[in-house]
Each structure stands twice: as C-alpha cells, then as structure tokens.
Amino acid sequence: MFLANRNQSSVTMFILLGFSDFPHLQAPLFLVFLVIYTITVVGNLGIIMVVRINPKLQTPMYFFLSHLSFLDICYSSVFTPKLLEILVVEDRSISFKGCMIQFYFICAFVITEMFMLAVMAYDRFVAVCNPLLYTVAMSRKLCTLLVAATYTWGGLCSLTITYSLLEQTYCGPNIINHFGCEYSAILSLSCSDPSFSQLVCFIISTFNETTSLFIILASYVFIVVTIVRMPSTGGLRKAFSTCASHLTAITIFHGIILVLYCVPNSKSSWLLIKVATVLFTVMIPMLNPLIYSLRNKDVKETVRNVISSKLLS
C-alpha cells in the first residue's frame, strides 16, 4: 500500500540515462564496475568470515566492523547491478515502484552506515580512554542495542524521505539523468511543488550529518587528549593505530557526502553528481575492507592462516 501510486502521477516508469553521453566508454565502464563490485562483495564477505573465524576478533570493534561490511555489501548491491545492466542493454527503464524501492534502500543503508561509523568512533573512545573498563562498558547487550538502533533509525529516516517523494506528482518527462534513483534526480522530474519534500530531506540530512559528525568529533577530541597525556610512545603508537583505519573510512565517507550534497543542482553539475555517486556507492564499499585489513595484524594473520590451511589440505 505504501508504494501504491497514491497521487495522480501519470508516470509508471523512468528511463535511466546513466553514462549514455559517452557510448564509447560503456564496455570499459562495465568491466571496471564489475571488477570493483566483485572485489567489494568478496572483500566484505571476507571481513565478516574472518571476524567469525578468529576468536581474537570476538570484540565490540570487530562486531561493528562486520556490520559495516554487511552495510557496504547491501548498499553497493542496491545501485551497482542496475548500473551494470544499463551499461550493456538498450532497455534502461525502471518501474516507478522499483525506483522508489531502490531509493528507499540506498537511503536507509547510507544513513545506517553514517551512524555505524559514529558508533565505531564511540567504541574507539571507550577503548582508548577507558581500556580497563572496555569489555564491561561495551557489553554484548549494549553493542547489539547500538547496532539495532542504527538500522532502525536509518529505516525510519528513509521511510520518511521516500514518503515525501511519493507525495509528489510525476507527469513527465520520465527521463532520469542518472544511473540510479538518486533523490535530486527523482525530484527534478516532479511537476508539483517540491518544497515539502525538500524541507523534509534538508531537516533529516542536516540532523543526521550534524549528529553523527558531532559524536565522531567529540569521541576523537577525548581520544586525542588521552593520547597526548600518555607517557610512553608505545602506548601512543598503539592508540593511534587502532583509530587510523576508522579515521580514514570516516574522512572518505563524509567527504564524498559533503561533495555530493554541496554541488549545485544544475545541468552542468550532473556529471559531477554521477561521478560522486559512483565514488560513494561503488568505490567506498570496496575501499573499506582494504582500509581495515591492510592496517590490521589480526585480520591479516587470520587470512594467512586460512589460505595456508587451504593450501595444505
């Protein structure tokens, strides 16, 4: 009932332009995105399996990391398969209902990941600032509640924004200048007043971005203060190494979000929006497992042991 066409929209499907302006790049882009998507799925599934296999990784930090990997697989899988499809087939249509479903899930997963990164920052704060109380403070019950809260909040926010889009009237044209159902691309096709939807999206986006960044910044301010007070350089180096991967992931994630939503919504900016969306939905999910595995001795050790055992068997 939620996705029923409740208003008087005459549009039943949309046409995704994708990168049709560059026909000579369709085949190379397909191969590049296919390789990236394969690495994304394999890499993130690998992180999840490694966390489950190694008893040393049964800690809150890796519990959150496995959920981050799951989210990367999810939101990459919402956009990338359709992107690959429109690069190789002539029929680039997507139904109205399918478009709204795609938008709902990509929005839900992105908001959930935004707060998952904030929860991971809080986890690093507790680990560095209160190491003796870490296992008590970050109990299994609390970790589960924090993860459940991020998924629930992401779903509710996305539901609200999607509902605001469904309240719009779409009477044509039905051509989306994008490779997926991105918010500004959908709203640009509305032939009714978009003010309500824009206000809803602005309030939710601003609140989520501000809140998540505040949690992250506050956590790292306390972490830096604690690190500066450490008497030994060994402790300082260890504390920094536990946070470096997370800081890298946060910088890339929020950096591209700010680029994506600060770009003016004009025809000349659509190519930049597409490229930023590709980086956000295709590249970031691939980079996260590389960021966390390349800087982590326990993860690399587990991978080596698994490979060695397979070769010996």
# chains A, B, ... in the order shown; residues from 1 in each chain; ligands from 1
>>> residues_around(residues="A:Val32", least_positions_apart="2", cutoff="12 Å", atoms="only C-alpha atoms", output="PyMOL selection string")
chain A and resi 25-30+34-39+80+83-84+87+278+282-283
>>> residues_around(residues="A:Ala149", least_positions_apart="3", cutoff="12 Å", atoms="only C-alpha atoms", output="list in words")
Ile111, Thr112, Glu113, Phe115, Met116, Val119, Leu142, Cys143, Thr144, Leu145, Leu146, Thr152, Trp153, Gly154, Gly155 and Leu156 of chain A
>>> write_last_selection(atoms="all heavy atoms", output="tab-separated table (two decimals), in the first residue's frame")
chain	number	residue	atom	x	y	z
A	111	ILE	N	22.29	6.03	5.62
A	111	ILE	CA	22.08	6.64	6.94
A	111	ILE	C	22.52	5.68	8.04
A	111	ILE	O	23.15	6.10	9.03
A	111	ILE	CB	20.61	7.04	7.13
A	111	ILE	CG1	20.24	8.16	6.15
A	111	ILE	CG2	20.35	7.50	8.56
A	111	ILE	CD1	18.76	8.51	6.13
A	112	THR	N	22.23	4.40	7.87
A	112	THR	CA	22.65	3.40	8.86
A	112	THR	C	24.17	3.35	8.96
A	112	THR	O	24.73	3.32	10.06
A	112	THR	CB	22.10	2.01	8.49
A	112	THR	OG1	20.68	2.07	8.40
A	112	THR	CG2	22.49	0.98	9.54
A	113	GLU	N	24.85	3.37	7.80
A	113	GLU	CA	26.32	3.34	7.83
A	113	GLU	C	26.88	4.61	8.45
A	113	GLU	O	27.89	4.57	9.16
A	113	GLU	CB	26.88	3.15	6.42
A	113	GLU	CG	28.39	3.16	6.38
A	113	GLU	CD	28.99	2.34	5.25
A	113	GLU	OE1	28.34	1.42	4.76
A	113	GLU	OE2	30.15	2.62	4.89
A	115	PHE	N	25.68	6.31	10.91
A	115	PHE	CA	25.65	6.19	12.37
A	115	PHE	C	26.45	4.99	12.86
A	115	PHE	O	26.90	4.98	14.01
A	115	PHE	CB	24.20	6.14	12.86
A	115	PHE	CG	23.56	7.49	12.92
A	115	PHE	CD1	22.80	7.95	11.87
A	115	PHE	CD2	23.76	8.32	14.02
A	115	PHE	CE1	22.22	9.22	11.91
A	115	PHE	CE2	23.20	9.58	14.07
A	115	PHE	CZ	22.43	10.04	13.01
A	116	MET	N	26.66	3.99	12.00
A	116	MET	CA	27.53	2.88	12.38
A	116	MET	C	28.96	3.38	12.56
A	116	MET	O	29.68	2.97	13.49
A	116	MET	CB	27.48	1.78	11.32
A	116	MET	CG	28.13	0.46	11.76
A	116	MET	SD	27.21	-0.35	13.08
A	116	MET	CE	25.73	-0.85	12.20
A	119	VAL	N	29.04	5.12	15.87
A	119	VAL	CA	29.09	4.13	16.96
A	119	VAL	C	30.51	3.57	17.08
A	119	VAL	O	31.02	3.38	18.20
A	119	VAL	CB	28.08	2.98	16.69
A	119	VAL	CG1	28.33	1.81	17.63
A	119	VAL	CG2	26.65	3.49	16.87
A	142	LEU	N	24.82	-4.00	24.99
A	142	LEU	CA	24.89	-2.61	24.54
A	142	LEU	C	25.24	-2.54	23.06
A	142	LEU	O	24.64	-1.76	22.30
A	142	LEU	CB	25.91	-1.83	25.36
A	142	LEU	CG	26.15	-0.38	24.92
A	142	LEU	CD1	24.86	0.44	25.06
A	142	LEU	CD2	27.27	0.27	25.73
A	143	CYS	N	26.20	-3.36	22.63
A	143	CYS	CA	26.61	-3.37	21.22
A	143	CYS	C	25.43	-3.75	20.32
A	143	CYS	O	25.22	-3.13	19.27
A	143	CYS	CB	27.76	-4.35	21.02
A	143	CYS	SG	29.30	-3.83	21.81
A	144	THR	N	24.68	-4.75	20.74
A	144	THR	CA	23.52	-5.19	19.96
A	144	THR	C	22.47	-4.08	19.89
A	144	THR	O	21.87	-3.83	18.82
A	144	THR	CB	22.89	-6.45	20.58
A	144	THR	OG1	23.90	-7.47	20.66
A	144	THR	CG2	21.73	-6.96	19.74
A	145	LEU	N	22.24	-3.39	21.01
A	145	LEU	CA	21.28	-2.30	21.04
A	145	LEU	C	21.71	-1.14	20.14
A	145	LEU	O	20.89	-0.55	19.43
A	145	LEU	CB	21.10	-1.79	22.47
A	145	LEU	CG	20.28	-2.67	23.42
A	145	LEU	CD1	20.34	-2.13	24.84
A	145	LEU	CD2	18.81	-2.74	22.95
A	146	LEU	N	23.00	-0.82	20.16
A	146	LEU	CA	23.52	0.26	19.32
A	146	LEU	C	23.35	-0.07	17.84
A	146	LEU	O	22.94	0.78	17.04
A	146	LEU	CB	25.00	0.52	19.64
A	146	LEU	CG	25.28	1.20	20.98
A	146	LEU	CD1	26.79	1.22	21.26
A	146	LEU	CD2	24.72	2.62	21.01
A	152	THR	N	17.37	0.74	12.76
A	152	THR	CA	16.01	1.26	12.92
A	152	THR	C	15.92	2.72	12.50
A	152	THR	O	14.99	3.12	11.78
A	152	THR	CB	15.55	1.11	14.38
A	152	THR	OG1	15.64	-0.27	14.78
A	152	THR	CG2	14.11	1.58	14.56
A	153	TRP	N	16.89	3.52	12.95
A	153	TRP	CA	16.88	4.94	12.61
A	153	TRP	C	17.06	5.15	11.11
A	153	TRP	O	16.37	5.99	10.50
A	153	TRP	CB	17.98	5.68	13.38
A	153	TRP	CG	18.02	7.14	13.11
A	153	TRP	CD1	18.98	7.83	12.44
A	153	TRP	CD2	17.03	8.12	13.49
A	153	TRP	NE1	18.67	9.17	12.38
A	153	TRP	CE2	17.48	9.37	13.01
A	153	TRP	CE3	15.83	8.03	14.18
A	153	TRP	CZ2	16.76	10.54	13.20
A	153	TRP	CZ3	15.10	9.20	14.37
A	153	TRP	CH2	15.57	10.45	13.88
A	154	GLY	N	17.96	4.41	10.50
A	154	GLY	CA	18.16	4.51	9.06
A	154	GLY	C	16.89	4.18	8.29
A	154	GLY	O	16.52	4.88	7.34
A	155	GLY	N	16.20	3.12	8.72
A	155	GLY	CA	14.95	2.72	8.06
A	155	GLY	C	13.86	3.76	8.21
A	155	GLY	O	13.14	4.06	7.24
A	156	LEU	N	13.73	4.34	9.40
A	156	LEU	CA	12.68	5.34	9.64
A	156	LEU	C	12.94	6.63	8.86
A	156	LEU	O	12.01	7.20	8.29
A	156	LEU	CB	12.59	5.65	11.14
A	156	LEU	CG	11.99	4.56	12.03
A	156	LEU	CD1	12.10	4.93	13.50
A	156	LEU	CD2	10.52	4.31	11.66
>>> residues_around(residues="A:Phe125", least_positions_apart="5", cutoff="7 Å", atoms="only C-alpha atoms", output="number ranges by chain")
A: 219-220, 222-223
>>> select_by_dssp(residues="stretch 159-202 of chain A", states="alpha helix (DSSP H)", output="list of chain:residue names")
A:Leu159, A:Thr160, A:Ile161, A:Thr162, A:Tyr163, A:Ser164, A:Leu165, A:Leu166, A:Tyr183, A:Ser184, A:Ala185, A:Ile186, A:Leu187, A:Ser195, A:Phe196, A:Ser197, A:Gln198, A:Leu199, A:Val200, A:Cys201, A:Phe202
>>> residues_around(residues="A:Val110", least_positions_apart="2", cutoff="10 Å", atoms="only C-alpha atoms", output="PyMOL selection string")
chain A and resi 71-72+74-76+105-108+112-116+154-155+158+253+257+280-281
>>> residues_around(residues="A:Phe14", least_positions_apart="6", cutoff="10 Å", atoms="only C-alpha atoms", output="PDB file with N, CA and C atoms, in the first residue's frame")
ATOM      1  N   ARG A  92      16.701   0.708 -20.677  1.00  0.00           N
ATOM      2  CA  ARG A  92      17.217   1.307 -19.440  1.00  0.00           C
ATOM      3  C   ARG A  92      16.101   1.775 -18.523  1.00  0.00           C
ATOM      4  N   SER A  93      14.976   1.128 -18.624  1.00  0.00           N
ATOM      5  CA  SER A  93      13.814   1.543 -17.837  1.00  0.00           C
ATOM      6  C   SER A  93      13.828   0.920 -16.445  1.00  0.00           C
ATOM      7  N   ILE A  94      13.173   1.601 -15.540  1.00  0.00           N
ATOM      8  CA  ILE A  94      12.947   1.082 -14.188  1.00  0.00           C
ATOM      9  C   ILE A  94      11.541   1.526 -13.786  1.00  0.00           C
ATOM     10  N   SER A  95      10.764   0.632 -13.229  1.00  0.00           N
ATOM     11  CA  SER A  95       9.385   0.966 -12.878  1.00  0.00           C
ATOM     12  C   SER A  95       9.352   2.011 -11.770  1.00  0.00           C
ATOM     13  N   PHE A  96       8.237   2.718 -11.677  1.00  0.00           N
ATOM     14  CA  PHE A  96       8.053   3.723 -10.629  1.00  0.00           C
ATOM     15  C   PHE A  96       8.252   3.092  -9.253  1.00  0.00           C
ATOM     16  N   LYS A  97       7.603   1.936  -9.058  1.00  0.00           N
ATOM     17  CA  LYS A  97       7.716   1.242  -7.775  1.00  0.00           C
ATOM     18  C   LYS A  97       9.153   0.791  -7.527  1.00  0.00           C
ATOM     19  N   GLY A  98       9.802   0.234  -8.569  1.00  0.00           N
ATOM     20  CA  GLY A  98      11.186  -0.222  -8.428  1.00  0.00           C
ATOM     21  C   GLY A  98      12.131   0.916  -8.096  1.00  0.00           C
ATOM     22  N   CYS A  99      11.863   2.087  -8.689  1.00  0.00           N
ATOM     23  CA  CYS A  99      12.692   3.270  -8.435  1.00  0.00           C
ATOM     24  C   CYS A  99      12.573   3.711  -6.981  1.00  0.00           C
ATOM     25  N   GLY A 172       5.654  13.650 -16.228  1.00  0.00           N
ATOM     26  CA  GLY A 172       6.542  13.681 -17.388  1.00  0.00           C
ATOM     27  C   GLY A 172       7.339  14.979 -17.431  1.00  0.00           C
ATOM     28  N   PRO A 173       8.542  14.943 -18.029  1.00  0.00           N
ATOM     29  CA  PRO A 173       9.188  13.778 -18.652  1.00  0.00           C
ATOM     30  C   PRO A 173       9.590  12.735 -17.618  1.00  0.00           C
ATOM     31  N   ASN A 174       9.946  11.546 -18.095  1.00  0.00           N
ATOM     32  CA  ASN A 174      10.288  10.457 -17.175  1.00  0.00           C
ATOM     33  C   ASN A 174      11.733  10.008 -17.326  1.00  0.00           C
ATOM     34  N   ILE A 175      12.586  10.898 -17.828  1.00  0.00           N
ATOM     35  CA  ILE A 175      13.997  10.554 -18.057  1.00  0.00           C
ATOM     36  C   ILE A 175      14.840  11.041 -16.880  1.00  0.00           C
ATOM     37  N   ILE A 176      15.476  10.096 -16.184  1.00  0.00           N
ATOM     38  CA  ILE A 176      16.349  10.417 -15.046  1.00  0.00           C
ATOM     39  C   ILE A 176      17.789  10.502 -15.542  1.00  0.00           C
ATOM     40  N   CYS A 181      18.212   5.802  -8.929  1.00  0.00           N
ATOM     41  CA  CYS A 181      17.168   6.690  -8.409  1.00  0.00           C
ATOM     42  C   CYS A 181      17.705   7.504  -7.240  1.00  0.00           C
ATOM     43  N   ILE A 186      15.334  12.294  -8.982  1.00  0.00           N
ATOM     44  CA  ILE A 186      13.892  11.985  -8.959  1.00  0.00           C
ATOM     45  C   ILE A 186      13.088  13.268  -8.801  1.00  0.00           C
ATOM     46  N   LEU A 189      12.106  15.661 -11.610  1.00  0.00           N
ATOM     47  CA  LEU A 189      11.044  15.272 -12.546  1.00  0.00           C
ATOM     48  C   LEU A 189       9.648  15.574 -12.018  1.00  0.00           C
TER      49      LEU A 189
END
>>> residues_around(residues="A:Cys201", least_positions_apart="5", cutoff="12 Å", atoms="only C-alpha atoms", output="compact mmCIF listing (two decimals) with N, CA and C atoms, in the first residue's frame")
# COMPACT_ATOMS: atom_id res chain seq x y z
N CYS A 107 18.99 4.89 0.61
CA CYS A 107 18.93 5.92 1.65
C CYS A 107 19.04 5.30 3.03
N CYS A 157 14.19 7.08 8.85
CA CYS A 157 14.52 8.30 8.11
C CYS A 157 14.26 8.10 6.61
N SER A 158 14.69 6.97 6.10
CA SER A 158 14.49 6.68 4.68
C SER A 158 13.01 6.58 4.34
N LEU A 159 12.24 5.97 5.23
CA LEU A 159 10.79 5.84 5.01
C LEU A 159 10.14 7.23 4.91
N THR A 160 10.57 8.15 5.77
CA THR A 160 10.01 9.50 5.77
C THR A 160 10.33 10.24 4.48
N ILE A 161 11.61 10.15 4.04
CA ILE A 161 12.01 10.85 2.81
C ILE A 161 11.34 10.23 1.59
N THR A 162 11.26 8.89 1.56
CA THR A 162 10.61 8.22 0.44
C THR A 162 9.13 8.59 0.37
N TYR A 163 8.49 8.68 1.53
CA TYR A 163 7.07 9.08 1.57
C TYR A 163 6.90 10.48 0.98
N SER A 164 7.83 11.38 1.30
CA SER A 164 7.74 12.74 0.78
C SER A 164 7.88 12.75 -0.75
N LEU A 165 8.67 11.84 -1.30
CA LEU A 165 8.79 11.73 -2.75
C LEU A 165 7.52 11.16 -3.37
N TYR A 183 18.04 11.04 -5.08
CA TYR A 183 17.00 11.96 -4.61
C TYR A 183 16.80 13.16 -5.54
N SER A 184 17.85 13.92 -5.80
CA SER A 184 17.71 15.14 -6.60
C SER A 184 17.29 14.82 -8.03
N LEU A 187 13.49 14.10 -7.84
CA LEU A 187 12.72 15.31 -7.53
C LEU A 187 12.70 16.28 -8.70
N PRO A 194 7.81 20.99 -4.92
CA PRO A 194 8.69 20.08 -4.19
C PRO A 194 9.11 20.60 -2.81
N SER A 195 8.54 21.71 -2.36
CA SER A 195 9.01 22.37 -1.14
C SER A 195 8.93 21.46 0.07
N PHE A 196 7.83 20.72 0.21
CA PHE A 196 7.67 19.84 1.38
C PHE A 196 8.74 18.76 1.41
N THR A 206 20.44 17.22 7.46
CA THR A 206 21.23 18.10 8.33
C THR A 206 21.35 17.52 9.73
N PHE A 207 20.24 17.02 10.27
CA PHE A 207 20.26 16.43 11.61
C PHE A 207 21.20 15.23 11.66
N ASN A 208 21.08 14.34 10.69
CA ASN A 208 21.89 13.12 10.69
C ASN A 208 23.37 13.42 10.51
N GLU A 209 23.68 14.29 9.57
CA GLU A 209 25.09 14.62 9.32
C GLU A 209 25.70 15.34 10.53
N TYR A 261 26.30 16.64 -1.77
CA TYR A 261 25.16 17.49 -1.42
C TYR A 261 25.48 18.98 -1.42
>>> select_by_dssp(residues="stretch 36-283 of chain A", states="strand (DSSP E)", output="VMD selection string")
chain A and resid 93 to 95 175 to 176
>>> closest_atom_pairs(of="stretch 81-180 of chain A", to="stretch 58-66 of chain A", cutoff="7 Å", atoms="only C-alpha atoms", output="CSV")
residue,atom,partner,partner_atom,distance
A:Met120,CA,A:Phe64,CA,6.5
A:Asp123,CA,A:Met61,CA,6.6
A:Met138,CA,A:Pro60,CA,6.7
A:Cys143,CA,A:Pro60,CA,6.7
>>> atom_distance(atom1="atom CA of A:His24", atom2="atom CA of A:Pro81")
20.2 Å
